[in-house]
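Take a look at the structure set out below.
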Amino acid sequence: MNLENPLIVQGDRSLLLDVHAPLADECRNALIPFAELEKSPEHLHTYRLTPLSLWNAASAGFSAEDAENVLKKYSRYDVPQAVLGWINEVADRFGKIRLIEGPSELISLNGSDDKKIEEKYLYLVTDSDVIYKELSVNPSLKKILISKSIESSLEKPLNSFLLKLTDRGTIKQLLLESMWPVKDEVPLSEGEPLEIELKQICSSNKPLVIRDYQKEAAKALVGDKGKGTGFGTIVLPCGAGKTIVGMQIMDLLKTSTLIITTNISAVHQWIDELLDKTNLTKEQIAEYSGENKEIKPVTVATYQVLTWRPDKNGPYPHFSLFHERAWGLIIYDEVHMLPAPVFRVVAELQAVRRVGLTATLVREDGQEGHVFSLVGPKRYDVPWKELERDRWIATAECIEVRIDLDPAVEIKYAVASAREKHRIASENIKKIEVVKKIINKFTEDKILVIGQYIDQLNEIAQTLNAPIITGKTATEQRDKIYGDFRNGKIKVLVVSKVANFAIDLPDASLAIEVSGTFGSRQEEAQRLGRILRPKDRTSRFFTLITRNTVEEEFGSNRQKFLAEQGYSYKLVRYDNNFLKGEEYDL
């Protein structure tokens with residue numbers, strides 16, 4: 001027992017972190033690889049051990065023993081033996097079931113020996129007789145395991161099941177639901193070769209410096225190009241250069257690449273970066289979007305165009321892009337935003353090397369398991385505060401401003417439904433006054449005003465006489481506004497959630513969040529990320545919350561992920577002025 005230690009490990013597998021203890025920051029960083037943050041009030045933060053958090057850790061080489069050592073090192077009291085036993089049992093499940101390469105067999109078409117195709121198979125294997133028996137009686141697996149008639153003609157390893165190559169993703173999803181993570185050791189296809197190299201001097205005449213953590217992230221994904229490598233997720237903070245990591249992976253693999261990202265501006269940004277930092281030419285790179293549909297050795301597409309279909313119950317016509325070339329690599333940019341329909345295609349593309357890039361694996365729909373099983377487990381992660389310490393991302397300060405609800409809508413709020421309450425609180429008219437005062441206070445900053453509701457944003461833009469970007473802004477106009485903001489012609493820019501992702505605005509140093517998507521943790525992280533590009537000044541992130549409304553609870557939930565990364569929110573109350581004595585007094 002050491003009462004100076006910051007961690008209390010409880011029998012229900014929750015972990016309480018005393019943020020005021022001497023080793024709190026060190027402990028927080030040690031927990032990130034294998035524990036998930038649940039609550040982050042002022043004094044005690046609550047983490048939880050989950051099977052997925054342990055399996056992600058195991059896939060990155062973080063063992064059950066490593067997790068135990070962290071808990072024992074930082075725990076204030078003895079760690080419950082039941083928790084240690086559970087960690088060993090759950091972590092030990094990773095690797096117990098493996099997918100390995102199987103045989104090929106010629107299959108007759110329509111019963112004719114003259115028309116045969118080669119059918120490829122995989123083996124699902126386990127060294128455990130008990131696990132084998134458990135899987136044998138699993139009704140969901142029987143739908144995709146090979147029938148006896150075909151199985152009898154093939155020689156199988158002991159304790160194995162035969163399945164079709166096309167069911168490689170499906171079996172992983174089903175087994176994860178049964179608490180069995182599959183270790184995929186089937187070799188991946190090579191794809192079309194492509195001579196791509198990173199430049200030493202960019203086209204912009206700036207030297208290209210690849211940071212150590214970017215090299216480590218790329219190597220963690222590519223590995224030795226042998227079995228069990230070449231797929232997974234890279235988690236790095238916004239502003240830490242995930243695009244560079246993607247291009248580094250392309251350089252290591254030298255193969256045709258499909259890049260899928262969130263919007264048309266991000267497509268153009270990827271293309272600009274490829275032309276600036278690699279030896280690729282315009283003739284080798286294509287844009288596949290709602291505006292242009294070309295396919296070249298490197299093709300950059302949007303999730304929106306892939307998930308478009310003329311009939312809501314019909315097929316997705318642009319899914320064919322995944323099969324148009326022999327892609328050797330697929331990059332899922334902002335993988336936490338991967339739309340549900342795309343998971344179906346990802347399940348079929350298990351033979352292709354693939355990487356998901358994201359600042360946070362948090363998904364509000366709870367589908368982190370799909371990312372784990374289909375795109376791949378977390379291969380690399382680094383604490384945000386560690387990169388801040390090393391000056392790779394900006395130092396940031398978070399301030400939550402509590403504002404009274406406008407009296408004119410108090411009755412309307414009182415009788416509204418839960419969803420309507422959120423909107424009324426989010427669109428509190430008093431927020432516009434606060435936005436103006438913040439902008440007038442910080443005149444040296446380049447400022448983003450970010451929100452959820454277009455009517456509110458239009459009113460703010462008109463009041464500030466500032467440009468606005470929404471989903472309806474034409475691509476050409478959007479790119480021009482972003483360009484004007486980058487080069488300093490615009491000091492204040494109003495943006496909807498289209499700017500949450502994959503937009504590089506390196507000089508933005510202050511963001512004001514006037515409204516958000518309910519309690520979205522990943523959105524909060526992405527919005528802070530808009531101002532984390534390295535710079536000499538401290539970045540500031542203001543989030544405006546209406547007091548005594550549902551927005552307080554949603555705001556608290558949005559802040560959870562950032563709290564896990566070591567950010568704390570200074571809470572101030574607005575009442576014609578900020579609190580007297582505060583540095584934010586207006």
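Ordering of the structure tokens sets the chain letters (A, B, ...), residue numbers begin anew at 1 in every chain, and ligands are numbered from 1 in the order given.
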
Per DSSP on the backbone, what are the strand (DSSP E or B) residues of segment 231-275 of chain A, as a tab-separated table (two decimals) with N, CA, C and O atoms, in the first residue's frame?
```
chain	number	residue	atom	x	y	z
A	231	PHE	N	-1.73	-4.49	-41.86
A	231	PHE	CA	-3.09	-4.00	-41.64
A	231	PHE	C	-3.22	-3.54	-40.20
A	231	PHE	O	-2.61	-4.11	-39.29
A	232	GLY	N	-3.99	-2.48	-40.00
A	232	GLY	CA	-4.18	-1.98	-38.65
A	232	GLY	C	-4.49	-0.51	-38.63
A	232	GLY	O	-4.71	0.12	-39.67
A	233	THR	N	-4.50	0.06	-37.44
A	233	THR	CA	-4.90	1.44	-37.24
A	233	THR	C	-3.78	2.22	-36.56
A	233	THR	O	-3.17	1.72	-35.61
A	234	ILE	N	-3.53	3.42	-37.06
A	234	ILE	CA	-2.53	4.32	-36.48
A	234	ILE	C	-3.29	5.46	-35.80
A	234	ILE	O	-4.10	6.13	-36.43
A	235	VAL	N	-3.04	5.66	-34.51
A	235	VAL	CA	-3.72	6.69	-33.74
A	235	VAL	C	-2.71	7.78	-33.36
A	235	VAL	O	-1.80	7.54	-32.58
A	255	THR	N	3.29	0.49	-53.94
A	255	THR	CA	2.20	-0.19	-54.63
A	255	THR	C	1.06	0.78	-54.90
A	255	THR	O	0.96	1.83	-54.27
A	257	THR	N	-2.34	2.63	-54.71
A	257	THR	CA	-2.96	2.97	-53.43
A	257	THR	C	-4.29	3.68	-53.64
A	257	THR	O	-4.39	4.60	-54.45
A	258	LEU	N	-5.30	3.23	-52.90
A	258	LEU	CA	-6.59	3.90	-52.85
A	258	LEU	C	-6.70	4.59	-51.50
A	258	LEU	O	-6.54	3.96	-50.44
A	259	ILE	N	-6.92	5.91	-51.51
A	259	ILE	CA	-7.05	6.70	-50.29
A	259	ILE	C	-8.49	7.19	-50.19
A	259	ILE	O	-9.01	7.78	-51.14
A	260	ILE	N	-9.12	6.94	-49.06
A	260	ILE	CA	-10.51	7.37	-48.88
A	260	ILE	C	-10.56	8.33	-47.70
A	260	ILE	O	-10.06	8.02	-46.61
A	261	THR	N	-11.15	9.50	-47.92
A	261	THR	CA	-11.17	10.52	-46.88
A	261	THR	C	-12.55	11.15	-46.77
A	261	THR	O	-13.50	10.71	-47.44
```

Using only C-alpha atoms, tabulate the residues of segment 164-215 of chain A lying at most 12 Å from any atom of segment 271-282 of chain A, each with its closest atom pair and that distance in Å to one decimal, by chain and increasing residue number, as CSV.
```
residue,atom,partner,partner_atom,distance
A:Leu194,CA,A:Leu280,CA,9.5
A:Glu195,CA,A:Leu280,CA,8.3
A:Ile196,CA,A:Asn279,CA,6.1
A:Glu197,CA,A:Thr278,CA,5.5
A:Leu198,CA,A:Thr278,CA,4.3
A:Lys199,CA,A:Thr278,CA,5.3
A:Gln200,CA,A:Lys277,CA,8.0
A:Ile201,CA,A:Lys277,CA,7.6
A:Cys202,CA,A:Lys277,CA,5.0
A:Ser203,CA,A:Asp276,CA,4.8
A:Ser204,CA,A:Asp276,CA,6.5
A:Asn205,CA,A:Asp276,CA,9.1
A:Lys206,CA,A:Lys277,CA,9.5
A:Pro207,CA,A:Lys277,CA,9.4
A:Leu208,CA,A:Lys277,CA,7.2
A:Val209,CA,A:Lys277,CA,10.3
A:Ile210,CA,A:Lys277,CA,10.9
```

Closest to Asn465 of chain A among A:Val514, A:Val492, A:Leu122, A:Val346, using only C-alpha atoms? A:Val492

Atom CA of Gly376 of chain A to atom CA of Gly169 of chain A: how many Å, to one decimal? 10.5 Å

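For the choices A:Val137, A:Arg211, A:Arg530, A:Ile424, the atom-to-atom distance to Lys412 of chain A is smallest for A:Ile424 when using only C-alpha atoms.
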
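Straight-line separation from atom CA of Gly85 of chain A to atom CA of Val182 of chain A: 21.4 Å.
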
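Secondary structure of segment 202-260 of chain A, helix (DSSP H, G or I) only (DSSP, backbone atoms): Asp212, Tyr213, Gln214, Lys215, Glu216, Ala217, Ala218, Lys219, Ala220, Leu221, Val222, Lys242, Thr243, Ile244, Val245, Gly246, Met247, Gln248, Ile249, Met250, Asp251, Leu252 and Leu253 of chain A.
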
Please, could you write that set of residues out with N, CA, C and O atoms as a tab-separated table (two decimals), in the first residue's frame?
```
chain	number	residue	atom	x	y	z
A	212	ASP	N	10.55	10.97	-35.85
A	212	ASP	CA	10.80	9.60	-35.40
A	212	ASP	C	9.51	8.83	-35.18
A	212	ASP	O	9.38	7.66	-35.56
A	213	TYR	N	8.52	9.47	-34.54
A	213	TYR	CA	7.28	8.75	-34.24
A	213	TYR	C	6.50	8.44	-35.52
A	213	TYR	O	5.77	7.44	-35.59
A	214	GLN	N	6.65	9.27	-36.57
A	214	GLN	CA	6.01	8.99	-37.85
A	214	GLN	C	6.64	7.76	-38.50
A	214	GLN	O	5.95	6.92	-39.06
A	215	LYS	N	7.97	7.66	-38.41
A	215	LYS	CA	8.66	6.48	-38.95
A	215	LYS	C	8.25	5.23	-38.17
A	215	LYS	O	8.00	4.18	-38.76
A	216	GLU	N	8.19	5.35	-36.84
A	216	GLU	CA	7.81	4.21	-36.00
A	216	GLU	C	6.40	3.75	-36.31
A	216	GLU	O	6.12	2.54	-36.35
A	217	ALA	N	5.49	4.70	-36.53
A	217	ALA	CA	4.10	4.35	-36.82
A	217	ALA	C	4.01	3.58	-38.14
A	217	ALA	O	3.31	2.56	-38.23
A	218	ALA	N	4.71	4.06	-39.16
A	218	ALA	CA	4.69	3.39	-40.47
A	218	ALA	C	5.28	1.98	-40.37
A	218	ALA	O	4.73	1.02	-40.92
A	219	LYS	N	6.40	1.85	-39.66
A	219	LYS	CA	7.04	0.54	-39.52
A	219	LYS	C	6.17	-0.42	-38.72
A	219	LYS	O	6.15	-1.62	-38.98
A	220	ALA	N	5.45	0.11	-37.73
A	220	ALA	CA	4.57	-0.74	-36.93
A	220	ALA	C	3.47	-1.35	-37.78
A	220	ALA	O	3.01	-2.47	-37.53
A	221	LEU	N	3.04	-0.63	-38.81
A	221	LEU	CA	2.00	-1.13	-39.71
A	221	LEU	C	2.56	-2.10	-40.74
A	221	LEU	O	2.03	-3.19	-40.94
A	222	VAL	N	3.66	-1.72	-41.37
A	222	VAL	CA	4.22	-2.54	-42.47
A	222	VAL	C	4.93	-3.77	-41.93
A	222	VAL	O	4.85	-4.86	-42.52
A	242	LYS	N	-0.54	12.80	-39.68
A	242	LYS	CA	-0.97	11.46	-40.09
A	242	LYS	C	-0.83	11.28	-41.61
A	242	LYS	O	-0.60	10.16	-42.08
A	243	THR	N	-1.00	12.36	-42.37
A	243	THR	CA	-0.83	12.27	-43.83
A	243	THR	C	0.60	11.85	-44.17
A	243	THR	O	0.82	11.03	-45.08
A	244	ILE	N	1.58	12.39	-43.45
A	244	ILE	CA	2.97	12.01	-43.65
A	244	ILE	C	3.16	10.52	-43.38
A	244	ILE	O	3.86	9.81	-44.11
A	245	VAL	N	2.52	10.02	-42.32
A	245	VAL	CA	2.60	8.59	-42.00
A	245	VAL	C	2.03	7.76	-43.15
A	245	VAL	O	2.62	6.75	-43.56
A	246	GLY	N	0.89	8.19	-43.69
A	246	GLY	CA	0.30	7.47	-44.82
A	246	GLY	C	1.24	7.43	-46.01
A	246	GLY	O	1.41	6.38	-46.66
A	247	MET	N	1.88	8.55	-46.31
A	247	MET	CA	2.81	8.60	-47.45
A	247	MET	C	4.08	7.79	-47.17
A	247	MET	O	4.66	7.19	-48.07
A	248	GLN	N	4.50	7.74	-45.91
A	248	GLN	CA	5.64	6.92	-45.53
A	248	GLN	C	5.33	5.44	-45.76
A	248	GLN	O	6.18	4.68	-46.25
A	249	ILE	N	4.10	5.01	-45.44
A	249	ILE	CA	3.68	3.63	-45.68
A	249	ILE	C	3.66	3.35	-47.18
A	249	ILE	O	4.10	2.28	-47.64
A	250	MET	N	3.18	4.30	-47.98
A	250	MET	CA	3.19	4.14	-49.44
A	250	MET	C	4.62	3.98	-49.95
A	250	MET	O	4.89	3.16	-50.84
A	251	ASP	N	5.54	4.75	-49.39
A	251	ASP	CA	6.95	4.67	-49.78
A	251	ASP	C	7.52	3.30	-49.45
A	251	ASP	O	8.29	2.72	-50.23
A	252	LEU	N	7.17	2.73	-48.30
A	252	LEU	CA	7.68	1.43	-47.89
A	252	LEU	C	7.11	0.29	-48.74
A	252	LEU	O	7.81	-0.69	-49.03
A	253	LEU	N	5.85	0.42	-49.15
A	253	LEU	CA	5.19	-0.67	-49.88
A	253	LEU	C	5.31	-0.55	-51.39
A	253	LEU	O	5.26	-1.55	-52.10
```

Quick one: residues within 9 Å of segment 76-78 of chain A, only C-alpha atoms, excluding same-chain residues fewer than 5 positions away - as a PyMOL selection string? chain A and resi 1-9

Selected residues written out, C-alpha atoms, as a PDB file, in the first residue's frame:
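Saved as part20.pdb:
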```pdb
ATOM      1  CA  MET A   1       0.000   0.000   0.000  1.00  0.00           C
ATOM      2  CA  ASN A   2       1.321   3.438  -0.953  1.00  0.00           C
ATOM      3  CA  LEU A   3      -1.021   6.326  -0.203  1.00  0.00           C
ATOM      4  CA  GLU A   4       1.016   8.633  -2.458  1.00  0.00           C
ATOM      5  CA  ASN A   5       0.131   6.600  -5.542  1.00  0.00           C
ATOM      6  CA  PRO A   6      -2.589   7.989  -7.850  1.00  0.00           C
ATOM      7  CA  LEU A   7      -4.539   4.860  -8.837  1.00  0.00           C
ATOM      8  CA  ILE A   8      -7.279   2.886  -7.103  1.00  0.00           C
ATOM      9  CA  VAL A   9      -8.049  -0.450  -8.801  1.00  0.00           C
TER      10      VAL A   9
END
```

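As for atom CA of Glu476 of chain A and atom CA of Asp507 of chain A, they are spaced 21.1 Å apart.
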
Shortest contact to Gly369 of chain A, candidates A:Lys421, A:Lys570, A:His318, A:His336, atoms counted only C-alpha atoms, goes to A:His336

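The smallest atom-to-atom distance between Asp184 of chain A and any of A:Pro407, A:Gly516, A:Gly555, A:Gly230, using only C-alpha atoms, is found for A:Gly230.
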